[in-house]
file final17.cif (mmCIF, C-alpha atoms)
data_structure
loop_
_atom_site.label_atom_id
_atom_site.label_comp_id
_atom_site.auth_asym_id
_atom_site.auth_seq_id
_atom_site.Cartn_x
_atom_site.Cartn_y
_atom_site.Cartn_z
CA MET A 1 -12.43 18.36 -68.30
CA SER A 2 -11.66 17.83 -71.97
CA SER A 3 -14.97 19.41 -73.04
CA GLU A 4 -14.17 22.45 -70.84
CA ARG A 5 -10.74 22.63 -72.41
CA GLU A 6 -12.30 22.35 -75.90
CA LEU A 7 -14.72 25.18 -75.09
CA ASP A 8 -11.81 27.32 -73.80
CA LEU A 9 -9.85 26.68 -76.98
CA LEU A 10 -12.90 27.45 -79.14
CA VAL A 11 -13.60 30.70 -77.30
CA GLU A 12 -9.92 31.73 -77.49
CA SER A 13 -9.74 31.03 -81.21
CA LEU A 14 -13.01 32.94 -81.87
CA LEU A 15 -11.74 35.93 -79.87
CA SER A 16 -8.42 36.00 -81.65
CA GLU A 17 -10.04 35.79 -85.14
CA PRO A 18 -9.54 39.27 -86.74
CA ALA A 19 -12.65 38.75 -88.91
CA TYR A 20 -14.85 39.14 -85.80
CA TYR A 21 -13.16 42.26 -84.48
CA GLY A 22 -15.76 44.94 -83.81
CA HIS A 23 -18.59 42.42 -83.78
CA PRO A 24 -20.97 43.18 -80.81
CA LEU A 25 -21.18 39.49 -79.85
CA ARG A 26 -17.38 39.25 -79.71
CA GLU A 27 -17.28 42.04 -77.11
CA ALA A 28 -19.87 40.22 -74.94
CA LEU A 29 -18.03 36.90 -75.32
CA ALA A 30 -14.72 38.54 -74.25
CA ARG A 31 -16.30 39.91 -71.07
CA LEU A 32 -18.02 36.65 -70.32
CA GLN A 33 -14.70 34.80 -70.71
CA GLN A 34 -12.92 37.29 -68.42
CA GLN A 35 -15.59 36.91 -65.74
CA ASN A 36 -15.39 33.17 -65.98
CA LEU A 37 -11.61 33.17 -65.40
CA GLU A 38 -11.90 35.48 -62.39
CA GLN A 39 -14.55 33.32 -60.78
CA LEU A 40 -12.43 30.25 -61.33
CA SER A 41 -9.39 31.73 -59.57
CA ARG A 42 -11.61 32.98 -56.74
CA LEU A 43 -13.03 29.52 -56.28
CA GLU A 44 -9.52 28.08 -56.12
CA ARG A 45 -8.52 30.59 -53.44
CA ILE A 46 -11.57 29.77 -51.33
CA ALA A 47 -10.82 26.08 -51.61
CA ARG A 48 -7.18 26.65 -50.60
CA ILE A 49 -8.09 28.71 -47.54
CA SER A 50 -10.79 26.29 -46.53
CA ASP A 51 -8.38 23.35 -46.84
CA GLY A 52 -5.93 25.25 -44.64
CA TYR A 53 -8.51 25.72 -41.93
CA GLN A 54 -9.51 22.12 -42.13
CA ALA A 55 -5.91 20.91 -41.77
CA LEU A 56 -5.44 23.21 -38.79
CA ALA A 57 -8.54 21.94 -37.04
CA ARG A 58 -7.54 18.36 -37.74
CA GLU A 59 -4.08 18.91 -36.31
CA GLN A 60 -5.51 20.55 -33.23
CA ASN A 61 -7.90 17.70 -32.78
CA LEU A 62 -5.06 15.18 -33.01
CA THR A 63 -2.97 17.06 -30.43
CA LEU A 64 -5.93 17.29 -28.07
CA SER A 65 -6.77 13.65 -28.48
CA GLU A 66 -3.13 12.69 -27.97
CA ARG A 67 -2.95 14.80 -24.83
CA TYR A 68 -6.22 13.37 -23.61
CA HIS A 69 -5.01 9.84 -24.06
CA ARG A 70 -1.67 10.58 -22.46
CA GLN A 71 -3.38 12.07 -19.41
CA LEU A 72 -5.79 9.16 -19.28
CA ARG A 73 -2.87 6.73 -19.28
CA GLN A 74 -1.16 8.73 -16.54
CA LEU A 75 -4.34 8.83 -14.48
CA GLU A 76 -4.77 5.08 -14.79
CA LYS A 77 -1.19 4.56 -13.72
CA VAL A 78 -1.52 6.93 -10.74
CA ALA A 79 -4.65 5.09 -9.63
CA ARG A 80 -2.96 1.70 -10.03
CA ILE A 81 0.11 2.69 -8.03
CA SER A 82 -2.01 4.45 -5.43
CA ASP A 83 -4.14 1.34 -4.97
CA ARG A 84 -1.03 -0.71 -4.37
CA TYR A 85 0.25 1.74 -1.77
CA GLN A 86 -3.10 1.46 -0.03
CA ASP A 87 -2.92 -2.34 -0.11
CA MET A 88 0.52 -2.10 1.43
CA LEU A 89 -0.76 0.17 4.20
CA ARG A 90 -3.73 -2.07 4.89
CA ASP A 91 -1.48 -5.12 5.24
CA LEU A 92 0.89 -3.14 7.44
CA ASN A 93 -2.05 -2.15 9.60
CA GLN A 94 -3.08 -5.79 9.90
CA ALA A 95 0.48 -6.77 10.80
CA LEU A 96 0.62 -4.06 13.46
CA ARG A 97 -2.72 -5.18 14.85
CA ASP A 98 -1.50 -8.78 14.99
CA ALA A 99 1.74 -7.67 16.61
CA SER A 100 -0.13 -5.70 19.25
CA GLN A 101 -2.30 -8.68 20.12
CA ARG A 102 0.15 -11.56 19.87
CA ASP A 103 2.81 -12.77 22.24
CA VAL A 104 6.11 -12.65 20.37
CA LEU A 105 7.62 -15.81 21.86
CA THR A 106 4.68 -18.21 21.64
CA GLY A 107 2.52 -16.62 18.95
CA LEU A 108 -0.48 -16.97 21.30
CA ALA A 109 -2.84 -14.13 22.17
CA ASN A 110 -1.16 -11.69 24.55
CA ARG A 111 -2.66 -10.17 27.68
CA ARG A 112 -4.12 -7.25 25.71
CA MET A 113 -6.05 -9.54 23.41
CA LEU A 114 -7.12 -11.76 26.32
CA MET A 115 -8.54 -8.72 28.15
CA GLU A 116 -10.40 -7.65 25.04
CA ARG A 117 -11.92 -11.10 24.56
CA LEU A 118 -12.73 -11.41 28.29
CA ARG A 119 -14.76 -8.19 28.13
CA GLU A 120 -16.61 -9.44 25.05
CA GLU A 121 -17.22 -12.83 26.62
CA GLU A 122 -18.56 -11.25 29.79
CA LEU A 123 -21.14 -9.28 27.78
CA ARG A 124 -22.02 -12.25 25.63
CA SER A 125 -22.48 -14.47 28.66
CA GLN A 126 -24.67 -11.89 30.41
CA ARG A 127 -26.84 -11.54 27.32
CA SER A 128 -27.23 -15.24 26.59
CA GLY A 129 -27.14 -16.50 30.18
CA ARG A 130 -24.71 -19.22 29.11
CA PRO A 131 -21.58 -19.56 31.30
CA PHE A 132 -17.90 -19.61 30.36
CA VAL A 133 -14.90 -21.10 32.10
CA LEU A 134 -11.49 -19.59 32.78
CA ALA A 135 -8.48 -21.80 33.37
CA MET A 136 -5.29 -20.27 34.70
CA VAL A 137 -2.33 -22.48 33.80
CA ASP A 138 1.07 -22.19 35.47
CA VAL A 139 4.19 -24.14 34.49
CA ASP A 140 5.57 -26.04 37.47
CA HIS A 141 9.07 -25.19 38.69
CA PHE A 142 9.67 -22.93 35.73
CA LYS A 143 12.16 -20.77 37.62
CA GLN A 144 14.32 -23.84 38.19
CA ILE A 145 14.29 -24.67 34.46
CA ASN A 146 15.47 -21.17 33.68
CA ASP A 147 18.09 -21.16 36.40
CA ARG A 148 19.45 -24.59 35.63
CA TRP A 149 19.24 -24.77 31.83
CA GLY A 150 19.20 -21.12 30.84
CA HIS A 151 16.60 -18.82 29.33
CA GLU A 152 16.87 -20.32 25.88
CA VAL A 153 15.70 -23.71 27.15
CA GLY A 154 13.05 -21.96 29.26
CA ASP A 155 11.76 -20.12 26.18
CA HIS A 156 11.75 -23.33 24.20
CA ALA A 157 9.75 -25.06 26.95
CA LEU A 158 7.21 -22.20 26.98
CA SER A 159 6.80 -22.43 23.20
CA GLN A 160 6.18 -26.16 23.35
CA ILE A 161 3.67 -25.82 26.18
CA ALA A 162 1.94 -23.04 24.30
CA ARG A 163 1.53 -25.30 21.28
CA ALA A 164 0.24 -28.18 23.43
CA LEU A 165 -2.32 -25.87 25.07
CA GLN A 166 -3.41 -24.41 21.75
CA ASP A 167 -3.86 -27.90 20.29
CA SER A 168 -5.99 -28.98 23.26
CA VAL A 169 -8.63 -26.24 23.16
CA ARG A 170 -11.61 -26.01 20.82
CA GLY A 171 -11.79 -23.59 17.90
CA CYS A 172 -14.13 -21.25 19.76
CA ASP A 173 -11.83 -21.05 22.80
CA LEU A 174 -8.98 -18.63 23.27
CA CYS A 175 -5.60 -19.63 24.60
CA GLY A 176 -3.21 -16.82 25.54
CA ARG A 177 -0.08 -16.01 27.49
CA TRP A 178 -1.09 -14.13 30.62
CA GLY A 179 2.51 -13.32 31.53
CA GLY A 180 5.77 -15.07 32.46
CA GLU A 181 5.01 -18.79 32.67
CA GLU A 182 1.26 -18.25 33.11
CA PHE A 183 -1.29 -19.02 30.44
CA LEU A 184 -5.00 -18.32 30.41
CA LEU A 185 -7.64 -20.37 28.66
CA LEU A 186 -11.00 -18.82 27.91
CA LEU A 187 -13.43 -21.66 27.28
CA THR A 188 -16.72 -20.35 25.94
CA GLU A 189 -20.28 -21.61 26.42
CA THR A 190 -19.33 -24.43 28.71
CA THR A 191 -19.35 -25.47 32.38
CA LEU A 192 -16.83 -26.80 34.90
CA ALA A 193 -18.21 -30.30 34.51
CA GLU A 194 -17.96 -30.18 30.74
CA VAL A 195 -14.37 -28.96 30.58
CA GLN A 196 -12.84 -31.69 32.69
CA PRO A 197 -12.01 -34.07 29.80
CA LEU A 198 -10.36 -31.15 27.99
CA ILE A 199 -8.30 -30.33 31.10
CA GLU A 200 -7.16 -33.92 31.45
CA ARG A 201 -6.27 -34.09 27.76
CA LEU A 202 -4.28 -30.91 28.14
CA ARG A 203 -2.37 -32.08 31.22
CA ALA A 204 -1.50 -35.34 29.45
CA ALA A 205 -0.29 -33.41 26.39
CA VAL A 206 2.05 -31.32 28.57
CA ARG A 207 3.27 -34.38 30.49
CA ASN A 208 4.18 -36.05 27.19
CA LEU A 209 6.30 -33.11 26.09
CA ARG A 210 10.05 -33.62 26.09
CA VAL A 211 12.24 -30.58 25.94
CA ARG A 212 15.68 -31.59 24.77
CA HIS A 213 18.85 -29.87 25.81
CA GLY A 214 21.93 -31.61 24.46
CA GLU A 215 21.82 -35.13 25.87
CA ALA A 216 19.38 -34.17 28.60
CA GLU A 217 15.61 -34.33 28.29
CA LEU A 218 13.37 -32.56 30.71
CA ALA A 219 9.77 -33.29 31.50
CA LEU A 220 7.17 -30.67 32.28
CA THR A 221 3.96 -30.42 34.25
CA VAL A 222 1.46 -27.67 34.86
CA SER A 223 -0.87 -26.63 37.65
CA LEU A 224 -4.34 -25.30 36.90
CA GLY A 225 -6.97 -23.24 38.66
CA VAL A 226 -10.32 -23.37 36.93
CA ALA A 227 -13.42 -21.28 37.59
CA GLU A 228 -16.82 -21.02 35.95
CA CYS A 229 -18.49 -17.69 35.50
CA ARG A 230 -21.58 -17.40 37.68
CA ARG A 231 -24.66 -15.59 36.56
CA GLY A 232 -24.08 -11.86 36.59
CA GLU A 233 -20.46 -12.23 37.59
CA GLY A 234 -17.85 -10.02 35.92
CA TYR A 235 -14.78 -11.61 34.36
CA SER A 236 -12.37 -10.10 36.91
CA LEU A 237 -14.13 -11.96 39.72
CA VAL A 238 -13.92 -15.20 37.76
CA LEU A 239 -10.23 -14.51 37.19
CA ASN A 240 -9.72 -13.98 40.92
CA ARG A 241 -11.39 -17.28 41.72
CA ALA A 242 -9.34 -19.14 39.07
CA ASP A 243 -6.21 -17.54 40.53
CA ALA A 244 -7.16 -18.58 44.04
CA ALA A 245 -7.78 -22.15 42.82
CA LEU A 246 -4.39 -22.15 41.10
CA LEU A 247 -2.75 -21.12 44.35
CA VAL A 248 -4.41 -24.06 46.07
CA ALA A 249 -3.14 -26.38 43.33
CA LYS A 250 0.39 -25.05 43.78
CA ARG A 251 0.30 -25.38 47.54
CA SER A 252 -1.08 -28.92 47.34
CA GLY A 253 2.01 -30.13 45.48
CA ARG A 254 1.59 -28.92 41.87
CA ASP A 255 0.87 -31.02 38.75
CA ARG A 256 -2.83 -30.91 39.41
CA CYS A 257 -6.02 -29.09 38.62
CA VAL A 258 -8.16 -27.40 41.25
CA LEU A 259 -11.71 -26.38 40.45
CA ALA A 260 -13.03 -23.26 42.14
CA PRO A 261 -16.23 -24.08 44.13
CA ALA A 262 -19.13 -23.91 41.73
CA ALA A 263 -21.93 -22.41 43.81
CA ASP A 264 -20.43 -20.71 46.80
CA ALA A 265 -22.01 -17.28 47.16
CA GLU A 266 -19.78 -16.37 50.08
CA ASP A 267 -16.69 -16.94 48.00
CA VAL A 268 -18.00 -14.38 45.47
CA THR A 269 -18.64 -11.74 48.09
CA ALA A 270 -15.23 -12.50 49.56
CA GLY A 271 -13.76 -11.74 46.12
CA VAL A 272 -15.40 -8.31 46.05
CA MET B 1 18.99 30.16 -5.57
CA THR B 2 20.29 26.87 -6.91
CA GLU B 3 20.25 25.02 -3.60
CA LEU B 4 17.05 23.21 -2.71
CA ASN B 5 16.72 22.21 0.91
CA ILE B 6 13.43 21.09 2.36
CA PRO B 7 13.68 19.44 5.78
CA GLY B 8 11.51 16.38 6.17
CA THR B 9 8.55 16.05 8.51
CA GLN B 10 6.45 13.08 9.51
CA SER B 11 4.31 13.58 6.42
CA THR B 12 6.84 15.02 3.96
CA PRO B 13 10.14 13.69 2.64
CA THR B 14 13.53 15.29 3.17
CA ILE B 15 14.43 16.91 -0.15
CA HIS B 16 17.91 18.04 -1.05
CA GLY B 17 18.90 19.40 -4.45
CA ASP B 18 22.67 19.67 -4.85
CA TRP B 19 23.13 21.83 -7.97
CA PRO B 20 26.96 21.57 -8.30
CA ALA B 21 26.87 17.80 -7.87
CA GLY B 22 23.80 17.41 -10.08
CA VAL B 23 22.00 15.28 -7.49
CA LEU B 24 18.44 15.49 -6.26
CA ALA B 25 17.77 13.33 -3.20
CA MET B 26 14.38 12.60 -1.65
CA GLN B 27 13.72 10.30 1.27
CA GLY B 28 10.95 9.45 3.65
CA ASP B 29 7.17 9.28 3.54
CA SER B 30 5.14 11.68 1.45
CA TYR B 31 1.56 12.55 2.24
CA PRO B 32 1.68 16.35 2.40
CA GLU B 33 -1.39 18.50 2.86
CA ASN B 34 -0.46 20.51 -0.18
CA SER B 35 1.65 18.42 -2.50
CA PHE B 36 1.45 21.05 -5.26
CA GLU B 37 3.22 23.53 -3.03
CA LEU B 38 5.84 21.02 -1.95
CA PHE B 39 6.62 19.41 -5.29
CA GLY B 40 6.11 22.63 -7.26
CA GLN B 41 9.50 23.87 -6.11
CA VAL B 42 11.09 20.49 -6.82
CA ILE B 43 9.67 20.45 -10.34
CA ASP B 44 10.90 24.04 -10.86
CA TRP B 45 14.38 23.04 -9.68
CA VAL B 46 14.51 20.06 -12.05
CA GLU B 47 13.18 22.10 -14.98
CA ARG B 48 15.77 24.81 -14.40
CA PHE B 49 18.63 22.37 -14.06
CA LEU B 50 17.68 20.61 -17.29
CA ARG B 51 17.30 23.95 -19.08
CA GLU B 52 20.52 25.54 -17.86
CA GLU B 53 22.93 22.64 -17.49
CA ALA B 54 24.11 19.95 -19.87
CA ARG B 55 25.65 17.97 -17.00
CA PRO B 56 24.26 14.70 -15.66
CA LEU B 57 21.34 14.89 -13.25
CA ALA B 58 20.86 11.97 -10.87
CA LEU B 59 17.82 11.36 -8.66
CA GLU B 60 18.51 9.45 -5.46
CA LEU B 61 15.25 8.22 -3.95
CA ARG B 62 14.51 6.50 -0.67
CA LEU B 63 10.79 6.97 -0.61
CA LEU B 64 8.42 4.80 1.37
CA TYR B 65 4.76 5.74 1.42
CA LEU B 66 3.41 8.09 -1.26
CA ASN B 67 -0.11 9.44 -1.34
CA THR B 68 -1.92 9.87 -4.64
CA SER B 69 -0.90 13.47 -5.32
CA SER B 70 2.72 12.68 -4.50
CA ILE B 71 2.60 9.80 -7.00
CA LYS B 72 1.30 12.24 -9.62
CA ALA B 73 4.06 14.76 -8.83
CA LEU B 74 6.75 12.09 -9.04
CA MET B 75 5.41 10.93 -12.40
CA ASP B 76 5.54 14.54 -13.64
CA ILE B 77 9.20 14.69 -12.59
CA PHE B 78 9.93 11.42 -14.41
CA ASP B 79 8.17 12.83 -17.49
CA LEU B 80 10.58 15.80 -17.39
CA LEU B 81 13.52 13.41 -17.18
CA GLU B 82 12.14 11.32 -20.04
CA GLU B 83 11.85 14.41 -22.23
CA ALA B 84 15.40 15.48 -21.32
CA HIS B 85 16.66 11.98 -22.04
CA ARG B 86 15.09 12.12 -25.53
CA ASP B 87 16.93 15.41 -26.06
CA GLY B 88 20.16 13.61 -25.23
CA LEU B 89 20.68 14.86 -21.66
CA PRO B 90 22.29 12.39 -19.23
CA VAL B 91 19.64 11.78 -16.55
CA SER B 92 19.21 8.81 -14.21
CA VAL B 93 17.18 7.57 -11.24
CA SER B 94 18.31 5.29 -8.42
CA TRP B 95 15.47 4.08 -6.23
CA HIS B 96 16.76 2.55 -3.00
CA TYR B 97 14.46 0.32 -1.00
CA ASP B 98 14.73 -1.60 2.26
CA SER B 99 15.39 -5.23 1.31
CA ARG B 100 12.82 -6.27 3.94
CA ASN B 101 10.10 -4.51 1.97
CA GLU B 102 9.97 -5.98 -1.53
CA ARG B 103 6.64 -4.28 -2.20
CA VAL B 104 8.34 -0.90 -2.44
CA ALA B 105 10.51 -2.40 -5.19
CA GLU B 106 7.40 -3.55 -7.04
CA LEU B 107 5.97 -0.05 -6.83
CA ALA B 108 9.23 1.45 -8.11
CA GLU B 109 8.96 -0.95 -11.04
CA GLU B 110 5.52 0.42 -11.83
CA PHE B 111 7.00 3.90 -11.96
CA ARG B 112 9.85 2.71 -14.18
CA GLU B 113 7.53 1.15 -16.78
CA ASP B 114 7.35 4.16 -19.15
CA CYS B 115 10.90 5.43 -18.55
CA SER B 116 13.62 4.77 -21.11
CA PHE B 117 16.41 6.53 -19.18
CA PRO B 118 18.62 4.59 -16.70
CA PHE B 119 16.40 3.71 -13.71
CA ALA B 120 17.95 1.43 -11.07
CA ILE B 121 15.99 -0.20 -8.23
CA LEU B 122 18.46 -1.11 -5.52
CA PRO B 123 17.97 -2.98 -2.22
CA PHE B 124 19.73 -1.86 0.92
CA SER B 125 19.85 -3.50 4.32
CA GLU B 126 20.19 -1.67 7.58
#
call {"tool": "encode", "arguments": {"input": "final17.cif", "output": "structure tokens"}}
result
Amino acid sequence: MSSERELDLLVESLLSEPAYYGHPLREALARLQQQNLEQLSRLERIARISDGYQALAREQNLTLSERYHRQLRQLEKVARISDRYQDMLRDLNQALRDASQRDVLTGLANRRMLMERLREEELRSQRSGRPFVLAMVDVDHFKQINDRWGHEVGDHALSQIARALQDSVRGCDLCGRWGGEEFLLLLTETTLAEVQPLIERLRAAVRNLRVRHGEAELALTVSLGVAECRRGEGYSLVLNRADAALLVAKRSGRDRCVLAPAADAEDVTAGV
Amino acid sequence: MTELNIPGTQSTPTIHGDWPAGVLAMQGDSYPENSFELFGQVIDWVERFLREEARPLALELRLLYLNTSSIKALMDIFDLLEEAHRDGLPVSVSWHYDSRNERVAELAEEFREDCSFPFAILPFSE
């Protein structure tokens, strides 16, 4: 820088020295100096324009990158919120499914779910050749409970019986409310002989229930009709036989369990 | 046309823009086939109001289910409000939700996250 400045000063002083006026070298030096100055200013202009372009490109790049990141953030947020809406819908779906398959009062499977499981069980039993047992359970003198104590007490009694039934069956069984004061137990991969202890346990559990109403306490019993699925038999036939057995139990004085005859081919054809 | 009236359907919310009152109300579910078409007019309405009026603009929302494109449209509307708020315009949102469904409140909170204008999330019971 300082050497350039020194050279400039030297050249200027040589050019302004009157003693060299008219000298041929002075003329050449003057032109050289002029050219040098022009090139310098041209270089400065180029640098200025180039810097301008660079700043512009940089700015544009920043705006683009800012916009890109803003959109990315928005997209992430949209996806997050959307996922949560979907979760909500899925849970709602599950709740609706539960509601459509559960009895509101007792929380047990309702008739719709029982039918669904009966169809599945029928197929499973036909495939595997292993039987299942259906037990139709009816609360004794339920109409009298309702009439005498009111529906609230009746509902309470049904809820307690439902819980006792549910607690008596195995995990693989299904206990549901068939309708009114009737419950249905679907006992899988088992036989009439095998389910008897379970039935006795269940009857004892119901007998031990005490439904309180003010000072009064009422005791409950149930009647049962139980049938085992025969080879190749559809579930509706088994249901009919369990129903028929239940009717026998009712007519014989209630608070008892009647087993449908195990190997009576005539009874099956009679059911058809 | 300063009135905005879009009757609701099973898949689209009822939308009512009351220009004199400065209120935009939307309620119902939103999973339209063409959300751009539906919310395009809402966004236009909001843009015009904010451009032409210096009065308060209040959004009254009772929205339940929103599909993804509706979520995007709603966020675009909130972005407009945010911009207006930064320019000093009095804008606000009230998001009403059924008190039995807290999850809608949580979702409204997600929307509110980036908004610095008044944004109330209010329970109602039927």
call {"tool": "residues_around", "arguments": {"input": "final17.cif", "residues": "A:Lys143", "least_positions_apart": "5", "cutoff": "12 Å", "atoms": "all atoms listed in the file", "output": "list of chain:residue names"}}
result
A:Asp138, A:Arg148, A:Trp149, A:Gly150, A:His151, A:Val153, A:Gly154, A:Asp155, A:Ala157, A:Leu158, A:Gly180, A:Glu181
call {"tool": "resolve_selection", "arguments": {"input": "final17.cif", "expression": "the PyMOL selection byres ((chain B and resi 42) around 12)", "output": "PyMOL selection string"}}
result
chain B and resi 2-6+13-18+24-26+35-41+43-49+59+70+73-74+76-78+80
call {"tool": "interface_residues", "arguments": {"input": "final17.cif", "of": "chain A", "to": "chain B", "cutoff": "8 Å", "atoms": "all atoms listed in the file", "output": "list of chain:residue names"}}
result
A:Val78, A:Ala79, A:Ile81, A:Ser82, A:Arg84, A:Tyr85, A:Met88
call {"tool": "atom_distance", "arguments": {"input": "final17.cif", "atom1": "atom CA of B:Arg51", "atom2": "atom CA of B:Ser92"}}
result
16.0 Å
call {"tool": "closest_atom_pairs", "arguments": {"input": "final17.cif", "of": "stretch 126-160 of chain A", "to": "stretch 232-254 of chain A", "cutoff": "8 Å", "atoms": "only C-alpha atoms", "output": "CSV"}}
result
residue,atom,partner,partner_atom,distance
A:Gln126,CA,A:Gly232,CA,6.2
A:Leu134,CA,A:Ala242,CA,6.7
A:Ala135,CA,A:Ala242,CA,6.3
A:Met136,CA,A:Ala242,CA,6.1
A:Val137,CA,A:Leu246,CA,7.6
A:Asp138,CA,A:Leu246,CA,7.8
A:Asp140,CA,A:Arg254,CA,6.6
call {"tool": "residues_around", "arguments": {"input": "final17.cif", "residues": "A:Val104", "least_positions_apart": "4", "cutoff": "12 Å", "atoms": "only C-alpha atoms", "output": "PDB file with C-alpha atoms, in the frame of the given file"}}
result
ATOM      1  CA  ASP A  98      -1.500  -8.780  14.990  1.00  0.00           C
ATOM      2  CA  ALA A  99       1.740  -7.670  16.610  1.00  0.00           C
ATOM      3  CA  SER A 100      -0.130  -5.700  19.250  1.00  0.00           C
ATOM      4  CA  LEU A 108      -0.480 -16.970  21.300  1.00  0.00           C
ATOM      5  CA  ALA A 109      -2.840 -14.130  22.170  1.00  0.00           C
ATOM      6  CA  ASN A 110      -1.160 -11.690  24.550  1.00  0.00           C
ATOM      7  CA  ARG A 111      -2.660 -10.170  27.680  1.00  0.00           C
ATOM      8  CA  ASP A 155      11.760 -20.120  26.180  1.00  0.00           C
ATOM      9  CA  LEU A 158       7.210 -22.200  26.980  1.00  0.00           C
ATOM     10  CA  SER A 159       6.800 -22.430  23.200  1.00  0.00           C
ATOM     11  CA  ALA A 162       1.940 -23.040  24.300  1.00  0.00           C
ATOM     12  CA  GLY A 176      -3.210 -16.820  25.540  1.00  0.00           C
ATOM     13  CA  ARG A 177      -0.080 -16.010  27.490  1.00  0.00           C
ATOM     14  CA  GLY A 179       2.510 -13.320  31.530  1.00  0.00           C
TER      15      GLY A 179
END
call {"tool": "residues_around", "arguments": {"input": "final17.cif", "residues": "B:Ser11", "least_positions_apart": "3", "cutoff": "7 Å", "atoms": "only C-alpha atoms", "output": "PyMOL selection string"}}
result
chain B and resi 29-32
call {"tool": "closest_residue", "arguments": {"input": "final17.cif", "among": "B:Ala105, B:Ala54, B:Val23, B:Cys115", "to": "B:Asp87", "atoms": "only C-alpha atoms"}}
result
B:Ala54
call {"tool": "atom_distance", "arguments": {"input": "final17.cif", "atom1": "atom CA of B:Pro118", "atom2": "atom CA of B:Leu50"}}
result
16.1 Å
call {"tool": "residues_around", "arguments": {"input": "final17.cif", "residues": "stretch 190-201 of chain A", "least_positions_apart": "2", "cutoff": "6 Å", "atoms": "all atoms listed in the file", "output": "ChimeraX atom specification"}}
result
/A:131-132,188,203-204,228
call {"tool": "write_last_selection", "arguments": {"input": "final17.cif", "atoms": "C-alpha atoms", "output": "mmCIF file, in the frame of the given file"}}
result
data_model
loop_
_atom_site.group_PDB
_atom_site.id
_atom_site.type_symbol
_atom_site.label_atom_id
_atom_site.label_comp_id
_atom_site.auth_asym_id
_atom_site.auth_seq_id
_atom_site.Cartn_x
_atom_site.Cartn_y
_atom_site.Cartn_z
ATOM 1 C CA PRO A 131 -21.580 -19.560 31.300
ATOM 2 C CA PHE A 132 -17.900 -19.610 30.360
ATOM 3 C CA THR A 188 -16.720 -20.350 25.940
ATOM 4 C CA ARG A 203 -2.370 -32.080 31.220
ATOM 5 C CA ALA A 204 -1.500 -35.340 29.450
ATOM 6 C CA GLU A 228 -16.820 -21.020 35.950
#
call {"tool": "axis_aligned_box", "arguments": {"input": "final17.cif", "around": "stretch 118-125 of chain B", "padding_each_side": "5 Å", "output": "lines of an AutoDock Vina configuration file"}}
result
center_x = 17.9
center_y = 0.5
center_z = -6.2
size_x = 13.9
size_y = 18.1
size_z = 31.0
call {"tool": "residues_around", "arguments": {"input": "final17.cif", "residues": "stretch 60-62 of chain B", "least_positions_apart": "6", "cutoff": "7 Å", "atoms": "all atoms listed in the file", "output": "ChimeraX atom specification"}}
result
/B:24-28,93-97
call {"tool": "atom_distance", "arguments": {"input": "final17.cif", "atom1": "atom CA of A:Gly214", "atom2": "atom CA of A:Glu152"}}
result
12.5 Å
call {"tool": "resolve_selection", "arguments": {"input": "final17.cif", "expression": "the PyMOL selection byres ((chain A and resi 25-36) around 9)", "output": "number ranges by chain"}}
result
A: 8, 11-12, 14-15, 20-24, 37-41
call {"tool": "closest_residue", "arguments": {"input": "final17.cif", "among": "B:Gly88, B:Asn34, B:Pro20, B:Asp98", "to": "B:Ser116", "atoms": "all atoms listed in the file"}}
result
B:Gly88
